[in-house]
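What's in upload33.txt: compact mmCIF, C-alpha atoms
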```
# COMPACT_ATOMS: atom_id res chain seq x y z
CA MET A 14 68.11 153.22 75.30
CA LYS A 15 70.88 151.94 73.00
CA ILE A 16 72.97 149.13 74.47
CA LEU A 17 76.21 147.49 73.26
CA VAL A 18 76.72 143.86 74.30
CA VAL A 19 80.36 142.65 74.13
CA ASP A 20 81.23 138.97 74.47
CA ASP A 21 83.43 136.65 72.39
CA PHE A 22 80.81 133.87 72.53
CA SER A 23 77.89 134.58 70.23
CA THR A 24 75.59 132.37 72.31
CA MET A 25 76.19 134.50 75.39
CA ARG A 26 75.52 137.66 73.36
CA ARG A 27 72.23 136.11 72.22
CA ILE A 28 71.26 135.16 75.75
CA ILE A 29 71.99 138.67 77.05
CA LYS A 30 70.21 140.29 74.10
CA ASN A 31 67.14 138.13 74.67
CA LEU A 32 67.11 138.90 78.38
CA LEU A 33 67.50 142.62 77.66
CA ARG A 34 64.61 142.46 75.17
CA ASP A 35 62.52 140.80 77.85
CA LEU A 36 63.32 143.75 80.13
CA GLY A 37 62.11 146.14 77.43
CA PHE A 38 65.48 147.09 75.91
CA ASN A 39 65.03 146.46 72.19
CA ASN A 40 67.85 148.56 70.78
CA THR A 41 70.96 146.43 71.26
CA GLN A 42 74.08 145.85 69.19
CA GLU A 43 76.88 143.31 69.51
CA ALA A 44 80.67 143.22 69.41
CA ASP A 45 82.95 140.21 69.92
CA ASP A 46 85.78 141.91 71.81
CA GLY A 47 87.04 145.25 73.09
CA LYS A 48 88.89 146.03 69.88
CA THR A 49 85.66 145.87 67.88
CA ALA A 50 83.60 147.50 70.61
CA LEU A 51 85.66 150.64 71.24
CA PRO A 52 85.31 152.17 67.73
CA MET A 53 81.58 151.29 67.80
CA LEU A 54 81.22 153.12 71.11
CA GLN A 55 83.16 156.13 69.79
CA ALA A 56 81.20 156.33 66.52
CA ASN A 57 77.70 155.80 67.91
CA ASP A 58 75.57 157.16 70.72
CA PHE A 59 75.32 154.13 73.01
CA ASP A 60 73.79 154.71 76.44
CA PHE A 61 74.95 151.55 78.17
CA LEU A 62 77.74 148.95 77.84
CA VAL A 63 77.49 145.30 78.88
CA THR A 64 80.82 143.46 78.58
CA ASP A 65 82.51 140.15 79.30
CA TRP A 66 86.02 140.19 80.85
CA ASN A 67 87.98 137.37 79.22
CA MET A 68 88.11 138.02 75.47
CA PRO A 69 90.85 137.74 72.85
CA GLY A 70 92.23 140.95 71.34
CA MET A 71 91.11 143.42 73.98
CA THR A 72 89.68 142.26 77.28
CA GLY A 73 86.69 143.74 79.05
CA ILE A 74 88.78 145.37 81.76
CA GLU A 75 90.95 147.04 79.10
CA LEU A 76 87.78 148.19 77.35
CA LEU A 77 86.44 149.58 80.64
CA LYS A 78 89.68 151.52 81.22
CA ALA A 79 89.64 152.81 77.63
CA VAL A 80 86.03 153.98 78.07
CA ARG A 81 86.85 155.78 81.32
CA ALA A 82 89.87 157.43 79.64
CA ASP A 83 87.79 158.67 76.69
CA GLU A 84 86.47 162.20 77.16
CA LYS A 85 83.25 161.47 75.29
CA LEU A 86 82.56 158.03 76.81
CA LYS A 87 83.85 158.36 80.37
CA SER A 88 80.45 158.72 82.04
CA MET A 89 78.87 155.74 80.26
CA PRO A 90 77.49 153.11 82.66
CA VAL A 91 79.31 149.78 82.29
CA LEU A 92 78.02 146.41 83.49
CA MET A 93 80.45 143.50 83.58
CA VAL A 94 79.00 140.02 82.98
CA THR A 95 81.77 137.45 83.35
CA ALA A 96 82.87 134.07 84.67
CA GLU A 97 85.87 135.76 86.31
CA GLN A 98 85.35 135.86 90.06
CA LYS A 99 88.74 136.30 91.64
CA ARG A 100 88.67 138.78 94.48
CA ASP A 101 91.51 140.81 92.93
CA GLN A 102 89.69 141.08 89.64
CA ILE A 103 86.55 142.45 91.21
CA VAL A 104 88.64 144.97 93.16
CA GLU A 105 90.38 146.00 89.95
CA ALA A 106 87.07 146.35 88.08
CA ALA A 107 85.69 148.48 90.93
CA GLN A 108 88.82 150.66 90.91
CA ALA A 109 88.54 151.03 87.13
CA GLY A 110 85.03 152.40 87.61
CA VAL A 111 82.67 149.54 86.76
CA ASN A 112 78.98 150.23 87.58
CA GLY A 113 77.90 146.63 88.13
CA TYR A 114 79.43 143.15 88.20
CA ILE A 115 77.57 139.92 87.42
CA VAL A 116 79.20 136.48 87.55
CA LYS A 117 78.24 133.74 85.09
CA PRO A 118 76.16 131.67 85.22
CA PHE A 119 73.58 134.29 86.10
CA THR A 120 69.79 134.59 86.09
CA ALA A 121 67.40 137.01 84.39
CA VAL A 122 66.47 138.30 87.86
CA THR A 123 70.09 139.18 88.69
CA LEU A 124 70.49 141.03 85.39
CA LYS A 125 67.32 143.05 86.03
CA GLU A 126 68.37 143.86 89.60
CA LYS A 127 71.80 145.11 88.59
CA ILE A 128 70.52 147.19 85.69
CA ASP A 129 67.77 148.72 87.84
CA LYS A 130 70.34 149.55 90.52
CA ILE A 131 72.70 151.18 88.02
CA PHE A 132 69.99 153.47 86.64
CA GLU A 133 68.57 154.22 90.09
CA ARG A 134 72.01 155.45 91.13
CA ILE A 135 72.47 157.49 87.97
CA GLU A 136 69.08 159.17 88.37
CA SER A 137 69.68 160.00 92.04
CA ALA A 138 73.15 161.42 91.32
CA MET B 3 138.53 113.06 60.80
CA SER B 4 138.78 109.56 62.28
CA GLU B 5 141.05 108.43 59.40
CA GLU B 6 143.37 111.28 60.27
CA LYS B 7 143.24 110.21 63.89
CA ASP B 8 143.87 106.59 62.94
CA SER B 9 146.91 107.54 60.85
CA VAL B 10 148.27 109.68 63.72
CA ILE B 11 147.85 106.72 66.03
CA SER B 12 149.41 104.21 63.60
CA ASN B 13 152.33 106.59 62.86
CA ALA B 14 152.93 107.00 66.57
CA THR B 15 152.73 103.23 67.04
CA LEU B 16 155.16 102.64 64.15
CA ASP B 17 157.59 105.22 65.61
CA ASN B 18 157.37 103.57 69.02
CA ALA B 19 157.86 100.10 67.51
CA ARG B 20 161.03 101.24 65.68
CA LYS B 21 162.36 102.88 68.84
CA LEU B 22 161.51 99.72 70.81
CA VAL B 23 163.45 97.51 68.34
CA ASP B 24 166.37 99.99 68.41
CA SER B 25 166.41 100.03 72.23
CA ILE B 26 166.27 96.23 72.56
CA GLU B 27 169.01 95.77 69.91
CA GLY B 28 171.11 98.48 71.67
CA GLY B 29 170.58 96.65 75.02
CA ASP B 30 168.72 99.66 76.58
CA LEU B 31 166.13 97.71 78.58
CA ASP B 32 164.95 100.69 80.70
CA GLY B 33 164.32 102.68 77.51
CA ALA B 34 162.50 99.68 75.99
CA ARG B 35 160.24 99.42 79.06
CA SER B 36 159.30 103.11 78.96
CA ILE B 37 158.51 102.85 75.23
CA MET B 38 156.23 99.88 75.95
CA ASP B 39 154.47 102.00 78.61
CA ASP B 40 153.95 104.73 75.99
CA ILE B 41 152.41 102.19 73.60
CA ALA B 42 150.09 100.91 76.34
CA SER B 43 148.96 104.43 77.35
CA LEU B 44 148.26 105.29 73.72
CA ARG B 45 146.05 102.23 73.51
CA GLU B 46 144.29 103.09 76.79
CA MET B 47 143.54 106.61 75.57
CA ASP B 48 141.91 105.20 72.47
CA LEU B 49 139.89 102.77 74.58
CA PHE B 50 138.65 105.55 76.88
CA CYS B 51 137.56 107.63 73.89
CA GLU B 52 135.58 104.72 72.49
CA MET B 53 134.05 103.93 75.88
CA GLY B 54 133.03 107.55 76.34
CA LYS B 55 131.42 107.56 72.92
CA LEU B 56 129.56 104.31 73.63
CA THR B 57 128.34 105.56 76.99
CA ARG B 58 126.98 108.76 75.46
CA GLU B 59 125.25 106.79 72.71
CA LEU B 60 123.72 104.41 75.24
CA HIS B 61 122.49 107.32 77.35
CA ASP B 62 121.02 109.09 74.31
CA SER B 63 119.33 106.01 72.99
CA LEU B 64 117.88 105.20 76.42
CA ASN B 65 116.45 108.71 76.61
CA ASN B 66 115.24 108.60 73.05
CA PHE B 67 113.65 105.23 73.60
CA LYS B 68 111.48 106.53 76.42
CA LEU B 69 110.74 109.78 74.62
CA ASP B 70 110.03 108.08 71.31
CA THR B 71 107.54 105.58 72.60
CA LYS B 72 105.59 107.98 74.80
CA MET B 73 106.21 111.66 74.30
CA SER B 74 106.69 111.74 70.54
CA GLY B 75 103.46 109.83 70.07
CA LEU B 76 101.72 112.31 72.34
CA ALA B 77 103.25 115.34 70.63
CA GLU B 78 102.72 114.13 67.06
CA ASN B 79 99.24 112.68 67.25
CA GLU B 80 97.46 112.99 70.55
CA ILE B 81 97.95 116.69 71.27
CA PRO B 82 96.79 117.89 67.82
CA ASP B 83 93.90 115.42 68.12
CA ALA B 84 93.03 116.81 71.52
CA LYS B 85 93.00 120.35 70.15
CA GLU B 86 90.63 119.18 67.43
CA ARG B 87 88.46 117.43 69.96
CA LEU B 88 88.22 120.49 72.16
CA ASN B 89 87.44 122.70 69.14
CA HIS B 90 84.72 120.21 68.32
CA VAL B 91 83.34 120.55 71.84
CA ILE B 92 83.14 124.33 71.33
CA ALA B 93 81.37 123.84 67.99
CA MET B 94 78.91 121.33 69.44
CA THR B 95 78.03 123.37 72.49
CA GLU B 96 77.61 126.46 70.33
CA GLU B 97 75.33 124.58 67.96
CA ALA B 98 73.23 123.26 70.85
CA ALA B 99 72.92 126.71 72.40
CA ASP B 100 71.98 128.23 69.04
CA LYS B 101 69.37 125.56 68.38
CA THR B 102 67.87 126.07 71.83
CA LEU B 103 67.85 129.85 71.56
CA THR B 104 66.23 129.73 68.11
CA ALA B 105 63.51 127.42 69.44
CA VAL B 106 62.87 129.73 72.40
CA GLU B 107 62.78 132.80 70.16
CA THR B 108 60.22 131.06 67.92
CA ALA B 109 58.13 129.73 70.82
CA LEU B 110 57.80 132.95 72.82
CA PRO B 111 55.68 134.87 70.24
CA LEU B 112 53.44 131.78 69.84
CA SER B 113 52.70 131.54 73.55
CA ASP B 114 52.37 135.34 73.82
CA ASP B 115 49.76 135.27 71.03
CA ILE B 116 47.74 132.47 72.65
CA LYS B 117 47.92 134.27 75.99
CA ALA B 118 46.72 137.57 74.50
CA CYS B 119 43.84 135.90 72.60
CA SER B 120 42.65 133.91 75.60
CA LEU B 121 42.73 136.99 77.87
CA GLU B 122 40.72 138.95 75.34
CA LEU B 123 38.13 136.16 74.89
CA GLN B 124 37.90 135.68 78.63
CA GLU B 125 37.14 139.36 79.06
CA ARG B 126 34.34 139.25 76.45
CA TRP B 127 33.01 135.97 77.83
CA SER B 128 32.56 137.45 81.28
CA GLN B 129 30.79 140.44 79.69
CA PHE B 130 28.43 137.95 78.03
CA LYS B 131 27.82 136.19 81.34
CA ASP B 132 27.05 139.58 82.89
CA ARG B 133 24.52 140.01 80.03
CA LYS B 134 26.36 143.03 78.70
CA LEU B 135 26.73 141.75 75.12
CA SER B 136 24.26 142.47 72.30
CA ALA B 137 23.11 139.66 70.01
CA ASP B 138 25.51 140.84 67.29
CA GLU B 139 28.40 141.09 69.70
CA PHE B 140 27.66 137.59 70.96
CA ARG B 141 27.61 136.25 67.38
CA GLU B 142 31.00 137.86 66.83
CA LEU B 143 32.33 136.37 70.07
CA SER B 144 31.06 132.97 69.05
CA ASN B 145 32.91 133.22 65.70
CA ASP B 146 36.10 134.35 67.45
CA ILE B 147 35.87 131.41 69.84
CA ASP B 148 35.47 129.09 66.86
CA ASP B 149 38.62 130.57 65.35
CA PHE B 150 40.46 130.32 68.67
CA PHE B 151 40.20 126.52 69.06
CA PRO B 152 42.23 125.63 65.93
CA LYS B 153 44.67 128.35 66.88
CA ILE B 154 45.25 126.69 70.27
CA SER B 155 45.69 123.24 68.79
CA SER B 156 48.07 124.31 66.00
CA GLY B 157 49.93 126.58 68.42
CA THR B 158 50.45 123.84 70.96
CA VAL B 159 51.55 121.42 68.23
CA SER B 160 54.20 123.94 67.20
CA LEU B 161 55.18 124.55 70.84
CA ASN B 162 55.55 120.81 71.41
CA ALA B 163 57.79 120.50 68.37
CA LEU B 164 59.95 123.40 69.58
CA LEU B 165 60.19 121.94 73.09
CA ASN B 166 61.29 118.66 71.54
CA GLU B 167 63.97 120.49 69.60
CA ILE B 168 65.23 122.00 72.84
CA LEU B 169 65.16 118.57 74.43
CA MET B 170 67.12 117.00 71.57
CA ALA B 171 69.68 119.80 71.50
CA GLN B 172 70.75 118.81 75.02
CA GLY B 173 72.30 115.65 73.57
CA PHE B 174 75.51 117.65 73.23
CA GLN B 175 76.14 117.09 76.94
CA ASP B 176 76.65 113.35 76.53
CA LEU B 177 78.85 113.69 73.44
CA THR B 178 81.02 116.53 74.65
CA GLY B 179 81.35 114.79 78.01
CA GLN B 180 82.86 111.76 76.32
CA ILE B 181 85.24 113.87 74.26
CA ILE B 182 86.38 115.84 77.26
CA ARG B 183 86.95 112.66 79.23
CA ARG B 184 89.34 111.47 76.50
CA VAL B 185 91.23 114.73 76.66
CA ILE B 186 91.48 114.37 80.44
CA ASN B 187 93.09 110.94 79.93
CA LEU B 188 95.54 112.47 77.47
CA VAL B 189 96.47 115.22 79.91
CA HIS B 190 97.09 112.49 82.46
CA ASP B 191 99.43 110.70 80.01
CA VAL B 192 101.32 113.90 79.27
CA GLU B 193 101.69 114.47 83.00
CA GLU B 194 103.18 110.99 83.41
CA GLY B 195 105.55 111.58 80.49
CA LEU B 196 106.72 114.82 82.02
CA VAL B 197 107.28 113.16 85.39
CA ASP B 198 109.40 110.48 83.64
CA LEU B 199 111.42 113.20 81.92
CA ILE B 200 112.07 114.93 85.22
CA LYS B 201 113.10 111.64 86.82
CA MET B 202 115.51 110.97 83.90
CA SER B 203 117.20 114.33 84.19
CA GLY B 204 117.42 113.52 87.89
CA ASN B 205 119.68 115.72 90.00
CA GLN B 206 119.72 118.53 87.50
CA VAL B 207 116.20 119.48 88.46
CA VAL B 208 116.34 121.99 91.23
CA GLU B 209 113.16 122.20 93.19
CA LYS B 210 112.08 125.75 92.92
CA LYS B 211 108.87 127.16 94.15
CA GLN B 212 107.81 130.19 92.28
CA ASP B 213 106.66 132.66 94.82
CA ASP B 214 108.00 135.84 93.37
CA LYS B 215 104.61 137.45 93.01
CA GLU B 216 104.75 140.97 94.25
CA LYS B 217 102.97 141.41 97.53
CA GLY B 218 100.23 144.00 97.31
CA ALA B 219 99.85 143.84 93.53
CA LEU B 220 96.49 142.62 92.29
CA ASP B 221 96.44 139.30 90.43
CA THR B 222 93.88 140.07 87.77
CA THR B 223 94.74 137.66 84.96
CA ALA B 224 91.61 136.14 83.49
CA GLU B 225 91.23 132.45 84.32
CA GLY B 226 87.74 131.67 83.07
CA PRO B 227 85.00 129.88 84.98
CA VAL B 228 85.81 128.38 88.35
CA VAL B 229 86.00 124.60 87.81
CA PRO B 230 85.34 122.44 90.89
CA GLY B 231 88.43 120.39 91.73
CA VAL B 232 90.79 122.66 89.80
CA ALA B 233 92.84 124.91 92.03
CA HIS B 234 92.89 128.59 91.15
CA THR B 235 96.05 130.56 91.70
CA SER B 236 94.43 133.15 93.89
CA GLU B 237 91.37 133.79 95.99
CA THR B 238 88.08 133.34 94.14
CA LEU B 239 84.66 134.34 95.37
CA ASP B 240 81.73 131.99 95.73
CA GLY B 241 79.06 133.33 93.40
CA GLN B 242 77.09 136.55 92.96
CA ASP B 243 76.33 137.07 96.67
CA ASP B 244 80.02 137.15 97.61
CA VAL B 245 80.74 139.48 94.71
CA ASP B 246 77.95 141.78 95.86
CA ASP B 247 79.32 141.74 99.43
CA LEU B 248 82.80 142.62 98.23
CA LEU B 249 81.51 145.41 96.00
CA SER B 250 79.40 146.90 98.78
CA SER B 251 82.44 146.82 101.07
CA LEU B 252 84.18 148.86 98.36
CA GLY B 253 81.42 151.44 98.49
CA PHE B 254 79.11 150.15 95.78
```
As structure tokens:
Amino acid sequence: MKILVVDDFSTMRRIIKNLLRDLGFNNTQEADDGKTALPMLQANDFDFLVTDWNMPGMTGIELLKAVRADEKLKSMPVLMVTAEQKRDQIVEAAQAGVNGYIVKPFTAVTLKEKIDKIFERIESA
Amino acid sequence: MSEEKDSVISNATLDNARKLVDSIEGGDLDGARSIMDDIASLREMDLFCEMGKLTRELHDSLNNFKLDTKMSGLAENEIPDAKERLNHVIAMTEEAADKTLTAVETALPLSDDIKACSLELQERWSQFKDRKLSADEFRELSNDIDDFFPKISSGTVSLNALLNEILMAQGFQDLTGQIIRRVINLVHDVEEGLVDLIKMSGNQVVEKKQDDKEKGALDTTAEGPVVPGVAHTSETLDGQDDVDDLLSSLGF
């Protein structure tokens, strides 16, 4: 399973990467905003995208919409991990087709739960 | 410009003076009186111009005085300083997080190794107690146990050092807290300066509440973490549970 972790703060990318490694996902790569992430997604065979919302350049919600609009990427599961927790934002993310939404600060348990749920749903579909 | 104006005024005055002398010598007293009125009004006009100029200067310098002492100091020094301070806070917190993460990444394999070794020795030890080990196997176990003791002690020494590093890295909280407090004071000063400005411009400020947000449109601008005591512009949810509730109500 190849995972792309997108966050403008390198410390948060490290935390997420370490947590993912703990869950048995060793093949992860990083990008610092949507602008960097999108070409990486298009050029590689990532299976899963974990992204922040509030980033300079291209935000996570814009990245999510770009992924859903891309013929090759549109079915990729996307997990949002963000400090944004306005009701409207979560509605927008849901409408844009997000697969999971985690608010910071979060725990390792929450991350595992959401990832398990996403793949459960994909397998049963 | 003002010389030109002065010469216009003095020419007019000279003209009037000549006319006045002519009128008085010719015995035209009514004419003389009206010429004197003209001279007086000319003088008044000049006076009003000067007064207007003085008033404007006074007003400007009053405004500038307040702005100079407070706002210009804030704009020239304090705000750039505050930006630096906040950048420093980012750098410090990043450094602390990096230090902590590096220590954790170094410590985890150490503790994993000790755990694996002790489980393996425990397994063989219970086999020995069940009398399932041969003499050779027991000799081997005994050697492995001998090797294990220094491994534990050096491992725990390293772990202690790493834990101390994590402990020390948390010092950023104190330092960044102080910096941020200074910036909060600055923001307070800027707020006061702005209030003074608004008071100075007085009636011109029309109270206007911006409420032109379209009804029904989603407000999805990113605002960062929810900070207690800082009002958000629209409804925020209270943690992961609320988010999960909302998502499940949306069919997730």
Got a sec to pull out which chain B residues are within 7 Å of chain A, counting only C-alpha atoms, and send them as an mmCIF file with C-alpha atoms, in the coordinates of the input?
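The resulting selection_8.cif:
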```cif
data_model
loop_
_atom_site.group_PDB
_atom_site.id
_atom_site.type_symbol
_atom_site.label_atom_id
_atom_site.label_comp_id
_atom_site.auth_asym_id
_atom_site.auth_seq_id
_atom_site.Cartn_x
_atom_site.Cartn_y
_atom_site.Cartn_z
ATOM 1 C CA GLU B 96 77.610 126.460 70.330
ATOM 2 C CA ALA B 99 72.920 126.710 72.400
ATOM 3 C CA ASP B 100 71.980 128.230 69.040
ATOM 4 C CA LEU B 220 96.490 142.620 92.290
ATOM 5 C CA ASP B 221 96.440 139.300 90.430
ATOM 6 C CA THR B 222 93.880 140.070 87.770
ATOM 7 C CA ALA B 224 91.610 136.140 83.490
ATOM 8 C CA GLU B 225 91.230 132.450 84.320
ATOM 9 C CA GLY B 226 87.740 131.670 83.070
ATOM 10 C CA PRO B 227 85.000 129.880 84.980
ATOM 11 C CA SER B 236 94.430 133.150 93.890
ATOM 12 C CA GLU B 237 91.370 133.790 95.990
ATOM 13 C CA THR B 238 88.080 133.340 94.140
ATOM 14 C CA LEU B 239 84.660 134.340 95.370
ATOM 15 C CA GLY B 241 79.060 133.330 93.400
ATOM 16 C CA GLN B 242 77.090 136.550 92.960
#
```
(Q) List the spatial neighbours of Leu44 in chain B as a VMD selection string - criterion: any atom at most 12 Å away, all atoms listed in the file, same-chain residues fewer than 3 positions off excluded. (A) chain B and resid 8 10 to 15 18 37 to 41 47 to 51
Q: Enter the distance from CA of Val63 in chain A to CA of Asp20 in chain A, in Å, rounded to one decimal.
A: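 It comes out at 8.6 Å.
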Q: Would you mind telling me which residue in A:Leu33, A:Asn57, A:Met71, A:Asp65 lies nearest to Ile128 in chain A when using all atoms listed in the file?
A: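 Ranked by minimum distance to Ile128 in chain A, first place goes to A:Leu33.
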Give as a compact mmCIF listing (two decimals) with C-alpha atoms, in the frame of the given file every residue, naming chains and numbers as the document does, that has an atom within 12 Å of (81.4, 156.9, 90.0), counting all atoms listed in the file.
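Output (point.txt):
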```
# COMPACT_ATOMS: atom_id res chain seq x y z
CA ARG A 81 86.85 155.78 81.32
CA LYS A 87 83.85 158.36 80.37
CA SER A 88 80.45 158.72 82.04
CA MET A 89 78.87 155.74 80.26
CA PRO A 90 77.49 153.11 82.66
CA VAL A 91 79.31 149.78 82.29
CA ALA A 107 85.69 148.48 90.93
CA GLN A 108 88.82 150.66 90.91
CA ALA A 109 88.54 151.03 87.13
CA GLY A 110 85.03 152.40 87.61
CA VAL A 111 82.67 149.54 86.76
CA ASN A 112 78.98 150.23 87.58
CA GLY A 113 77.90 146.63 88.13
CA ILE A 131 72.70 151.18 88.02
CA ARG A 134 72.01 155.45 91.13
CA ILE A 135 72.47 157.49 87.97
CA ALA A 138 73.15 161.42 91.32
CA LEU B 252 84.18 148.86 98.36
CA GLY B 253 81.42 151.44 98.49
CA PHE B 254 79.11 150.15 95.78
```
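Of the listed residues A:Ala56, A:Leu51, A:Phe61, A:Asp35, the one whose atoms come nearest to Ala82 in chain A is A:Leu51, with distances taken using all atoms listed in the file.
One finds CA of Leu76 in chain A at 10.0 Å from CA of Thr49 in chain A.
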Q | range 189-202 of chain B environment, 8 Å, all atoms listed in the file, sequence neighbours closer than 6 positions dropped, as a ChimeraX atom specification | A | /B:65,72-73,76
**Q.** Between CA of Ile147 in chain B and CA of Leu123 in chain B - distance in Å to one decimal
**A.** 7.3 Å
Q. Using all atoms listed in the file, which residue out of A:Ile16, A:Met53, A:Glu136, A:Pro69 lies closest to Asn39 in chain A?
A. A:Ile16
Could the residues of range 115-216 of chain B that have an atom at most 8 Å from range 104-108 of chain B be listed as a tab-separated table, each with its closest atom pair and the distance in Å to one decimal, counting all atoms listed in the file and ordered by chain and ascending residue number?
```
residue	atom	partner	partner_atom	distance
B:Leu164	CA	B:Ala105	CA	5.4
B:Leu165	CA	B:Ala105	CA	7.4
B:Glu167	CA	B:Ala105	CA	6.9
B:Ile168	CA	B:Ala105	CA	6.6
```
Q) Using all atoms listed in the file, which residues sit within 10 Å of Met170 in chain B once same-chain residues fewer than 6 positions away are excluded, as a ChimeraX atom specification? A) /B:98,101-102,164
